[in-house]
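Listing of coords27.cif; format and content: mmCIF, N, CA and C atoms.
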```cif
data_my_file
loop_
_atom_site.label_atom_id
_atom_site.label_comp_id
_atom_site.auth_asym_id
_atom_site.auth_seq_id
_atom_site.Cartn_x
_atom_site.Cartn_y
_atom_site.Cartn_z
N MET W 1 -6.46 -7.13 -24.31
CA MET W 1 -6.06 -5.76 -24.08
C MET W 1 -5.42 -5.64 -22.71
N SER W 2 -4.42 -4.80 -22.62
CA SER W 2 -3.84 -4.51 -21.32
C SER W 2 -4.59 -3.33 -20.70
N THR W 3 -3.99 -2.76 -19.68
CA THR W 3 -4.65 -1.66 -18.98
C THR W 3 -4.85 -0.47 -19.90
N LEU W 4 -6.06 0.08 -19.91
CA LEU W 4 -6.30 1.27 -20.71
C LEU W 4 -7.30 2.17 -20.01
N ASN W 5 -7.31 3.41 -20.41
CA ASN W 5 -8.20 4.40 -19.83
C ASN W 5 -9.56 4.27 -20.50
N LYS W 6 -10.56 3.77 -19.77
CA LYS W 6 -11.87 3.49 -20.35
C LYS W 6 -12.57 4.73 -20.86
N GLU W 7 -12.44 5.84 -20.15
CA GLU W 7 -13.12 7.06 -20.57
C GLU W 7 -12.59 7.54 -21.92
N ILE W 8 -11.28 7.49 -22.08
CA ILE W 8 -10.68 7.92 -23.35
C ILE W 8 -11.08 6.95 -24.45
N TYR W 9 -11.08 5.66 -24.15
CA TYR W 9 -11.44 4.64 -25.14
C TYR W 9 -12.87 4.87 -25.63
N GLU W 10 -13.80 5.06 -24.71
CA GLU W 10 -15.20 5.28 -25.09
C GLU W 10 -15.38 6.58 -25.85
N ALA W 11 -14.66 7.63 -25.44
CA ALA W 11 -14.77 8.91 -26.14
C ALA W 11 -14.25 8.80 -27.57
N LEU W 12 -13.18 8.07 -27.76
CA LEU W 12 -12.65 7.88 -29.11
C LEU W 12 -13.60 7.06 -29.97
N LEU W 13 -14.24 6.05 -29.38
CA LEU W 13 -15.22 5.27 -30.13
C LEU W 13 -16.40 6.13 -30.56
N GLU W 14 -16.86 7.00 -29.66
CA GLU W 14 -17.97 7.89 -29.99
C GLU W 14 -17.58 8.89 -31.07
N ALA W 15 -16.28 9.24 -31.14
CA ALA W 15 -15.82 10.19 -32.15
C ALA W 15 -15.63 9.53 -33.51
N GLY W 16 -15.79 8.21 -33.58
CA GLY W 16 -15.72 7.52 -34.85
C GLY W 16 -14.39 6.86 -35.16
N VAL W 17 -13.54 6.72 -34.16
CA VAL W 17 -12.25 6.07 -34.34
C VAL W 17 -12.46 4.56 -34.29
N THR W 18 -11.67 3.81 -35.04
CA THR W 18 -11.80 2.36 -35.01
C THR W 18 -11.43 1.82 -33.64
N LYS W 19 -11.93 0.60 -33.35
CA LYS W 19 -11.70 0.02 -32.04
C LYS W 19 -10.21 -0.20 -31.76
N THR W 20 -9.48 -0.66 -32.77
CA THR W 20 -8.05 -0.92 -32.54
C THR W 20 -7.29 0.38 -32.29
N SER W 21 -7.60 1.42 -33.05
CA SER W 21 -6.92 2.70 -32.84
C SER W 21 -7.28 3.31 -31.49
N ALA W 22 -8.54 3.21 -31.12
CA ALA W 22 -8.97 3.73 -29.82
C ALA W 22 -8.30 2.98 -28.69
N SER W 23 -8.18 1.67 -28.85
CA SER W 23 -7.54 0.85 -27.83
C SER W 23 -6.07 1.22 -27.68
N LEU W 24 -5.38 1.35 -28.79
CA LEU W 24 -3.96 1.70 -28.74
C LEU W 24 -3.75 3.09 -28.15
N ALA W 25 -4.60 4.04 -28.51
CA ALA W 25 -4.47 5.40 -27.98
C ALA W 25 -4.72 5.43 -26.48
N ALA W 26 -5.74 4.71 -26.02
CA ALA W 26 -6.05 4.68 -24.59
C ALA W 26 -4.94 4.00 -23.81
N GLU W 27 -4.35 2.95 -24.38
CA GLU W 27 -3.23 2.28 -23.71
C GLU W 27 -2.02 3.20 -23.62
N SER W 28 -1.73 3.94 -24.66
CA SER W 28 -0.56 4.83 -24.63
C SER W 28 -0.72 5.94 -23.60
N VAL W 29 -1.94 6.42 -23.43
CA VAL W 29 -2.19 7.44 -22.40
C VAL W 29 -1.93 6.85 -21.02
N GLU W 30 -2.38 5.63 -20.81
CA GLU W 30 -2.18 4.97 -19.52
C GLU W 30 -0.70 4.73 -19.25
N HIS W 31 0.03 4.32 -20.26
CA HIS W 31 1.46 4.05 -20.08
C HIS W 31 2.25 5.34 -19.87
N SER W 32 1.81 6.44 -20.47
CA SER W 32 2.53 7.68 -20.25
C SER W 32 2.41 8.13 -18.80
N ASP W 33 1.27 7.88 -18.18
CA ASP W 33 1.10 8.19 -16.76
C ASP W 33 2.00 7.30 -15.92
N LEU W 34 2.12 6.05 -16.32
CA LEU W 34 2.99 5.13 -15.61
C LEU W 34 4.44 5.57 -15.72
N ASP W 35 4.83 6.04 -16.89
CA ASP W 35 6.20 6.53 -17.08
C ASP W 35 6.49 7.73 -16.17
N LYS W 36 5.52 8.61 -16.02
CA LYS W 36 5.71 9.77 -15.14
C LYS W 36 5.90 9.32 -13.69
N ARG W 37 5.08 8.37 -13.27
CA ARG W 37 5.20 7.88 -11.89
C ARG W 37 6.52 7.17 -11.66
N LEU W 38 6.97 6.39 -12.64
CA LEU W 38 8.26 5.72 -12.50
C LEU W 38 9.41 6.71 -12.45
N ALA W 39 9.30 7.80 -13.20
CA ALA W 39 10.34 8.83 -13.16
C ALA W 39 10.42 9.46 -11.77
N ILE W 40 9.28 9.68 -11.15
CA ILE W 40 9.26 10.24 -9.79
C ILE W 40 9.90 9.26 -8.81
N VAL W 41 9.58 7.99 -8.94
CA VAL W 41 10.15 6.98 -8.04
C VAL W 41 11.66 6.89 -8.23
N GLU W 42 12.12 6.93 -9.49
CA GLU W 42 13.56 6.88 -9.74
C GLU W 42 14.28 8.08 -9.14
N THR W 43 13.68 9.25 -9.23
CA THR W 43 14.27 10.45 -8.66
C THR W 43 14.40 10.33 -7.14
N LYS W 44 13.34 9.85 -6.51
CA LYS W 44 13.38 9.67 -5.06
C LYS W 44 14.39 8.61 -4.66
N LEU W 45 14.49 7.56 -5.43
CA LEU W 45 15.46 6.51 -5.15
C LEU W 45 16.89 7.02 -5.28
N ASP W 46 17.15 7.85 -6.28
CA ASP W 46 18.48 8.45 -6.42
C ASP W 46 18.82 9.31 -5.21
N THR W 47 17.85 10.08 -4.73
CA THR W 47 18.07 10.92 -3.56
C THR W 47 18.37 10.07 -2.32
N ILE W 48 17.61 9.02 -2.14
CA ILE W 48 17.83 8.13 -0.99
C ILE W 48 19.20 7.47 -1.07
N THR W 49 19.61 7.08 -2.28
CA THR W 49 20.92 6.46 -2.45
C THR W 49 22.04 7.43 -2.07
N LYS W 50 21.92 8.68 -2.49
CA LYS W 50 22.93 9.69 -2.14
C LYS W 50 22.97 9.91 -0.63
N MET W 51 21.80 9.96 0.00
CA MET W 51 21.75 10.14 1.44
C MET W 51 22.38 8.95 2.16
N MET W 52 22.18 7.75 1.64
CA MET W 52 22.77 6.55 2.24
C MET W 52 24.29 6.64 2.20
N TRP W 53 24.85 7.08 1.07
CA TRP W 53 26.31 7.18 0.96
C TRP W 53 26.87 8.24 1.90
N ILE W 54 26.11 9.30 2.15
CA ILE W 54 26.54 10.32 3.11
C ILE W 54 26.60 9.72 4.51
N VAL W 55 25.60 8.92 4.87
CA VAL W 55 25.59 8.26 6.18
C VAL W 55 26.76 7.28 6.30
N VAL W 56 27.01 6.50 5.24
CA VAL W 56 28.12 5.55 5.26
C VAL W 56 29.45 6.29 5.42
N ALA W 57 29.62 7.39 4.72
CA ALA W 57 30.85 8.17 4.84
C ALA W 57 31.01 8.72 6.26
N GLY W 58 29.92 9.14 6.87
CA GLY W 58 29.97 9.63 8.25
C GLY W 58 30.36 8.53 9.22
N ILE W 59 29.83 7.35 9.03
CA ILE W 59 30.18 6.22 9.91
C ILE W 59 31.65 5.87 9.75
N ILE W 60 32.13 5.83 8.51
CA ILE W 60 33.54 5.53 8.27
C ILE W 60 34.43 6.59 8.92
N ALA W 61 34.03 7.86 8.83
CA ALA W 61 34.81 8.92 9.46
C ALA W 61 34.86 8.75 10.97
N LEU W 62 33.73 8.39 11.58
CA LEU W 62 33.70 8.18 13.03
C LEU W 62 34.55 6.99 13.45
N VAL W 63 34.52 5.91 12.67
CA VAL W 63 35.33 4.73 12.99
C VAL W 63 36.81 5.07 12.87
N LEU W 64 37.18 5.77 11.81
CA LEU W 64 38.58 6.16 11.64
C LEU W 64 39.04 7.08 12.77
N LYS W 65 38.18 7.98 13.17
CA LYS W 65 38.52 8.89 14.28
C LYS W 65 38.67 8.12 15.57
N ALA W 66 37.83 7.17 15.82
CA ALA W 66 37.85 6.41 17.07
C ALA W 66 39.11 5.54 17.18
N TYR W 67 39.58 4.98 16.08
CA TYR W 67 40.69 4.03 16.16
C TYR W 67 42.05 4.63 15.82
N PHE W 68 42.11 5.70 15.06
CA PHE W 68 43.39 6.19 14.59
C PHE W 68 43.78 7.56 15.10
N VAL W 69 42.89 8.29 15.72
CA VAL W 69 43.20 9.61 16.25
C VAL W 69 43.39 9.47 17.75
N VAL W 70 44.51 9.94 18.24
CA VAL W 70 44.80 9.80 19.66
C VAL W 70 44.31 11.00 20.43
#
```

Do you think you could lay out the structure here as structure tokens?
Amino acid sequence: MSTLNKEIYEALLEAGVTKTSASLAAESVEHSDLDKRLAIVETKLDTITKMMWIVVAGIIALVLKAYFVV
């Protein structure tokens, strides 16, 4: 078994669900939380990437101003 939520697994077993079904359900709950966290990380990474390009554009503008504007 991979990572699963033990509380949900035990609760499903007590409710009369088979072990394989309880295991799969607990794993899917754990993976859905992982998906949410990855979505947050991707959003932050996109923001950082945009900010990086703004900084690069500013540096290019300063270099062009320094060498080509009299």

Which protein, DNA or RNA residues have an atom at most 12 Å from (-4.4, 9.3, -27.5), counting only C-alpha atoms? List them as a short mmCIF file (atom, residue, chain, number, x, y, z; two decimals) with N, CA and C atoms, keeping the file's coordinate frame.
```
data_model
loop_
_atom_site.label_atom_id
_atom_site.label_comp_id
_atom_site.auth_asym_id
_atom_site.auth_seq_id
_atom_site.Cartn_x
_atom_site.Cartn_y
_atom_site.Cartn_z
N LEU W 4 -6.06 0.08 -19.91
CA LEU W 4 -6.30 1.27 -20.71
C LEU W 4 -7.30 2.17 -20.01
N ASN W 5 -7.31 3.41 -20.41
CA ASN W 5 -8.20 4.40 -19.83
C ASN W 5 -9.56 4.27 -20.50
N LYS W 6 -10.56 3.77 -19.77
CA LYS W 6 -11.87 3.49 -20.35
C LYS W 6 -12.57 4.73 -20.86
N GLU W 7 -12.44 5.84 -20.15
CA GLU W 7 -13.12 7.06 -20.57
C GLU W 7 -12.59 7.54 -21.92
N ILE W 8 -11.28 7.49 -22.08
CA ILE W 8 -10.68 7.92 -23.35
C ILE W 8 -11.08 6.95 -24.45
N TYR W 9 -11.08 5.66 -24.15
CA TYR W 9 -11.44 4.64 -25.14
C TYR W 9 -12.87 4.87 -25.63
N GLU W 10 -13.80 5.06 -24.71
CA GLU W 10 -15.20 5.28 -25.09
C GLU W 10 -15.38 6.58 -25.85
N ALA W 11 -14.66 7.63 -25.44
CA ALA W 11 -14.77 8.91 -26.14
C ALA W 11 -14.25 8.80 -27.57
N LEU W 12 -13.18 8.07 -27.76
CA LEU W 12 -12.65 7.88 -29.11
C LEU W 12 -13.60 7.06 -29.97
N LEU W 13 -14.24 6.05 -29.38
CA LEU W 13 -15.22 5.27 -30.13
C LEU W 13 -16.40 6.13 -30.56
N VAL W 17 -13.54 6.72 -34.16
CA VAL W 17 -12.25 6.07 -34.34
C VAL W 17 -12.46 4.56 -34.29
N THR W 20 -9.48 -0.66 -32.77
CA THR W 20 -8.05 -0.92 -32.54
C THR W 20 -7.29 0.38 -32.29
N SER W 21 -7.60 1.42 -33.05
CA SER W 21 -6.92 2.70 -32.84
C SER W 21 -7.28 3.31 -31.49
N ALA W 22 -8.54 3.21 -31.12
CA ALA W 22 -8.97 3.73 -29.82
C ALA W 22 -8.30 2.98 -28.69
N SER W 23 -8.18 1.67 -28.85
CA SER W 23 -7.54 0.85 -27.83
C SER W 23 -6.07 1.22 -27.68
N LEU W 24 -5.38 1.35 -28.79
CA LEU W 24 -3.96 1.70 -28.74
C LEU W 24 -3.75 3.09 -28.15
N ALA W 25 -4.60 4.04 -28.51
CA ALA W 25 -4.47 5.40 -27.98
C ALA W 25 -4.72 5.43 -26.48
N ALA W 26 -5.74 4.71 -26.02
CA ALA W 26 -6.05 4.68 -24.59
C ALA W 26 -4.94 4.00 -23.81
N GLU W 27 -4.35 2.95 -24.38
CA GLU W 27 -3.23 2.28 -23.71
C GLU W 27 -2.02 3.20 -23.62
N SER W 28 -1.73 3.94 -24.66
CA SER W 28 -0.56 4.83 -24.63
C SER W 28 -0.72 5.94 -23.60
N VAL W 29 -1.94 6.42 -23.43
CA VAL W 29 -2.19 7.44 -22.40
C VAL W 29 -1.93 6.85 -21.02
N GLU W 30 -2.38 5.63 -20.81
CA GLU W 30 -2.18 4.97 -19.52
C GLU W 30 -0.70 4.73 -19.25
N HIS W 31 0.03 4.32 -20.26
CA HIS W 31 1.46 4.05 -20.08
C HIS W 31 2.25 5.34 -19.87
N SER W 32 1.81 6.44 -20.47
CA SER W 32 2.53 7.68 -20.25
C SER W 32 2.41 8.13 -18.80
#
```

Per-residue nearest contacts region 11-43 of chain W to region 48-60 of chain W, cut-off 12 Å, using only C-alpha atoms, as JSON lines:
```
{"residue": "W:Val41", "atom": "CA", "partner": "W:Ile48", "partner_atom": "CA", "distance": 10.5}
{"residue": "W:Glu42", "atom": "CA", "partner": "W:Ile48", "partner_atom": "CA", "distance": 9.8}
{"residue": "W:Thr43", "atom": "CA", "partner": "W:Ile48", "partner_atom": "CA", "distance": 8.8}
```

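The spacing separating CA of Leu34 (chain W) from CA of Thr47 (chain W) amounts to 20.2 Å.
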
(request) Taking the chain letters and numbering used in this document, name the residues of chain W that DSSP puts in helix (DSSP H, G or I), as number ranges by chain. (result) W: 6-14, 19-68

(request) Report the distance between atom C of Asp33 (chain W) and CA of Ala15 (chain W) in Å, rounded to one decimal place. (result)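 Interatomic distance, atom C of Asp33 (chain W) to CA of Ala15 (chain W): 24.3 Å.
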
(request) Would you mind reading off the distance between CA of Leu45 (chain W) and CA of Ala61 (chain W), one decimal, in Å? (result) 24.4 Å
